[in-house]
Amino acid sequence: MNKALLKWGGLILAGHLYGHPGQVEDVSTAAGGAAGLPPAEVKISEQGGYRVIEANGLPNHAMGQFPGPGCPNAVSAQSYTFRMPLFPKTNGAFTVIKQQPIGVAVNGVPIDPGTAEYWKNDRNSGWHMEAIGGGKNLGLDQSLAHVQPNGAYHYHGIPEGLLAGLSANGNQKLMGYAADGFPIYAQTAQNRSSYQLKKGSRPSGTAGPGGTYDGTYEADYEFVEGSGDLDKANGKSGVTSEYPQGTYYYVATAEFPFYPRMLKGTPDASFRRGPPGGGPGGDSQRKGAGGSGGQQGGKSGGMGQAAGGSPMQRFDKNGDGKISMEEAPPPMKANFSQHDSNGDGWIDAEEARSLPRLGQGGPKGPPPN
Ligand SMILES: [Zn+2]
């Protein structure tokens with residue numbers, strides 16, 4: 001990987017000419033790193049038909065207090081290399097994105113609107129909690145961002161701190177790129193979400209949490225064709241200053257879904273979380289519960305449990321590098337969702353670090369970062 005990351009230095013240059021191979025952008029800021037953190041770094045380049053965004057994931061603007069109320073995790077520098085096609089294609093069907101970033105902002109901070117919070121902590125309940133406007137305080141800061149257990153700062157909504165530094169000359173502000181390569185613009189009056197709160201009340205009892213559809217859950221909303229300007233993926237086609245020939249693009253909206261939850265093109269694998277083939281990661285608020293993180297997962301995936309008697313060695317009977325519900329012994333089964341912090345149905349190597357080791361009483365291992 002190219003280590004020549006540029007330090008933040010001056011004004012943000014988010015404007016972008018389409019398809020100039022070899023072009024390197026310096027997206028920078030006058031704001032320094034928060035106390036104890038290195039300065040934000042990002043490099044956006046174009047290599048072999050791809051846009052490559054290398055970043056340490058620290059924002060070029062002020063952050064809230066982390067750890068803080070609603071978010072117990074501290075921010076740390078990451079080592080991201082995201083890539084996406086320079087000339088993306090739309091597909092006939094949308095691809096739903098879960099438990100991984102849907103894109104990355106021009107300052108190198110991942111955009112990850114989903115959560116790992118569910119009604120009754122049951123990911124199969126169908127009631128997935130929202131981070132914004134929901135019933136649970138997840139500690140979002142003024143840029144609608146917070147921190148995953150591995151230290152990854154990420155956006156759930158429109159980041160005011162980033163937008164304040166983007167100049168757009170009256171045009172839409174290009175604030176990031178989705179995992180499929182299409183651009184993400186900040187909302188304008190012409191770009192309204194077409195999602196609406198459902199009318200009436202949620203099912204109750206075992207079927208649902210009851211109460212009125214108030215935005216606490218993703219399923220409180222429905223897509224109402226034509227009620228806004230954007231499609232199901234919060235996108236549309238049009239001409240922008242960076243794409244004078246026109247493009248499909250996404251919009252970050254102040255209303256649900258805030259960012260696309262599905263993509264019109266094919267997401268690049270570099271946005272997947274966790275070790276290669278190990279499935280996605282999550283956005284757990286449970287400090288120390290594992291949550292493999294972003295690009296870090298690829299590196300840390302191999303260092304799960306090396307010593308004999310590790311939970312992975314003892315219980316991963318089929319040797320696929322993760323513990324399934326079936327493989328888990330009864331005590332682990334009982335707390336499975338607690339250890340499966342990304343909610344993908346497996347306890348992977350990173351998550352297994354939260355499991356007690358032989359001769360160790362505590363339920364938690366060291367935090368991932
Ligand atoms: Zn989050």
# chains A, B, ... in the order shown; residues from 1 in each chain; ligands from 1
>>> residues_around(residues="Pro257 of chain A", least_positions_apart="3", cutoff="12 Å", atoms="only C-alpha atoms", output="ChimeraX atom specification")
/A:112-114,130-133,156-158,192-197,215,217-223,230-235,250-254,260-262
>>> residues_near_ligand(ligand="ligand 1", cutoff="12 Å", atoms="only C-alpha atoms and all ligand atoms", output="PyMOL selection string")
chain A and resi 70-73+99-101+109-117+129-132+137-141+144-157+281-286+291+293+342
>>> closest_residue(among="A:Asp122, A:Pro88, A:Thr240, A:Pro69", to="Tyr50 of chain A", atoms="only C-alpha atoms")
A:Pro88
>>> residues_around(residues="Lys89 of chain A", least_positions_apart="2", cutoff="8 Å", atoms="only C-alpha atoms", output="VMD selection string")
chain A and resid 87 91 265 to 266
>>> residues_around(residues="segment 53-55 of chain A", least_positions_apart="5", cutoff="8 Å", atoms="only C-alpha atoms", output="PyMOL selection string")
chain A and resi 5+40-45+78-83+107-109
>>> write_last_selection(atoms="N, CA and C atoms", output="PDB file, in the first residue's frame")
ATOM      1  N   LEU A   5       0.685   9.056   2.510  1.00  0.00           N
ATOM      2  CA  LEU A   5      -0.536   9.760   2.874  1.00  0.00           C
ATOM      3  C   LEU A   5      -0.222  11.233   3.125  1.00  0.00           C
ATOM      4  N   ALA A  40      -5.645  13.890  11.015  1.00  0.00           N
ATOM      5  CA  ALA A  40      -6.396  13.168   9.993  1.00  0.00           C
ATOM      6  C   ALA A  40      -5.572  13.075   8.716  1.00  0.00           C
ATOM      7  N   GLU A  41      -5.638  11.911   8.066  1.00  0.00           N
ATOM      8  CA  GLU A  41      -4.899  11.712   6.821  1.00  0.00           C
ATOM      9  C   GLU A  41      -5.822  11.064   5.813  1.00  0.00           C
ATOM     10  N   VAL A  42      -5.762  11.542   4.586  1.00  0.00           N
ATOM     11  CA  VAL A  42      -6.505  10.879   3.520  1.00  0.00           C
ATOM     12  C   VAL A  42      -5.802  11.132   2.199  1.00  0.00           C
ATOM     13  N   LYS A  43      -5.831  10.137   1.350  1.00  0.00           N
ATOM     14  CA  LYS A  43      -5.322  10.294  -0.012  1.00  0.00           C
ATOM     15  C   LYS A  43      -6.319   9.655  -0.962  1.00  0.00           C
ATOM     16  N   ILE A  44      -6.736  10.434  -1.929  1.00  0.00           N
ATOM     17  CA  ILE A  44      -7.653   9.902  -2.934  1.00  0.00           C
ATOM     18  C   ILE A  44      -6.912   9.883  -4.270  1.00  0.00           C
ATOM     19  N   SER A  45      -6.788   8.702  -4.843  1.00  0.00           N
ATOM     20  CA  SER A  45      -6.068   8.612  -6.107  1.00  0.00           C
ATOM     21  C   SER A  45      -6.860   7.747  -7.075  1.00  0.00           C
ATOM     22  N   GLN A  78      -7.339   4.361  12.160  1.00  0.00           N
ATOM     23  CA  GLN A  78      -7.527   3.108  11.438  1.00  0.00           C
ATOM     24  C   GLN A  78      -6.563   3.087  10.246  1.00  0.00           C
ATOM     25  N   SER A  79      -6.632   2.023   9.495  1.00  0.00           N
ATOM     26  CA  SER A  79      -5.788   1.933   8.303  1.00  0.00           C
ATOM     27  C   SER A  79      -6.657   1.462   7.141  1.00  0.00           C
ATOM     28  N   TYR A  80      -7.344   2.416   6.529  1.00  0.00           N
ATOM     29  CA  TYR A  80      -8.312   2.077   5.500  1.00  0.00           C
ATOM     30  C   TYR A  80      -7.714   2.144   4.102  1.00  0.00           C
ATOM     31  N   THR A  81      -8.076   1.185   3.279  1.00  0.00           N
ATOM     32  CA  THR A  81      -7.878   1.323   1.838  1.00  0.00           C
ATOM     33  C   THR A  81      -9.177   0.897   1.176  1.00  0.00           C
ATOM     34  N   PHE A  82      -9.956   1.883   0.794  1.00  0.00           N
ATOM     35  CA  PHE A  82     -11.194   1.608   0.079  1.00  0.00           C
ATOM     36  C   PHE A  82     -10.941   1.818  -1.409  1.00  0.00           C
ATOM     37  N   ARG A  83     -11.571   0.983  -2.223  1.00  0.00           N
ATOM     38  CA  ARG A  83     -11.486   1.260  -3.652  1.00  0.00           C
ATOM     39  C   ARG A  83     -12.846   1.023  -4.282  1.00  0.00           C
ATOM     40  N   ASN A 107     -13.258  12.918   3.344  1.00  0.00           N
ATOM     41  CA  ASN A 107     -12.211  13.073   4.350  1.00  0.00           C
ATOM     42  C   ASN A 107     -11.735  11.726   4.893  1.00  0.00           C
ATOM     43  N   GLY A 108     -12.233  10.633   4.301  1.00  0.00           N
ATOM     44  CA  GLY A 108     -11.750   9.310   4.696  1.00  0.00           C
ATOM     45  C   GLY A 108     -12.509   8.669   5.838  1.00  0.00           C
ATOM     46  N   VAL A 109     -13.562   9.315   6.314  1.00  0.00           N
ATOM     47  CA  VAL A 109     -14.373   8.737   7.389  1.00  0.00           C
ATOM     48  C   VAL A 109     -15.464   7.862   6.775  1.00  0.00           C
TER      49      VAL A 109
END
>>> residues_around(residues="segment 159-164 of chain A", least_positions_apart="5", cutoff="8 Å", atoms="only C-alpha atoms", output="list of chain:residue names")
A:Pro59, A:Asn60, A:His61, A:Ala62, A:Asn107, A:Gln142, A:Ser143, A:Leu144, A:Ala145, A:Lys173, A:Met175, A:Ala186
>>> closest_residue(among="A:Gly181, A:Gly36, A:Pro209, A:Trp119", to="Tyr249 of chain A", atoms="only C-alpha atoms")
A:Gly181
>>> residues_around(residues="Met325 of chain A", least_positions_apart="2", cutoff="10 Å", atoms="only C-alpha atoms", output="ChimeraX atom specification")
/A:322-323,327-330,332-334,336-337,340,345-347
>>> residues_around(residues="Gly49 of chain A", least_positions_apart="2", cutoff="8 Å", atoms="only C-alpha atoms", output="PyMOL selection string")
chain A and resi 21+46-47+51+85-87
>>> select_by_dssp(residues="segment 105-163 of chain A", states="alpha helix (DSSP H)", output="MDAnalysis selection string")
chainID A and resid 160:163
>>> write_last_selection(atoms="C-alpha atoms", output="compact mmCIF listing (two decimals), in the first residue's frame")
# COMPACT_ATOMS: atom_id res chain seq x y z
CA GLU A 160 -21.95 19.23 9.58
CA GLY A 161 -18.29 19.37 10.48
CA LEU A 162 -17.30 18.02 7.08
CA LEU A 163 -19.80 20.05 5.05
>>> atom_distance(atom1="atom CA of Thr206 of chain A", atom2="atom CA of Ser341 of chain A")
23.2 Å
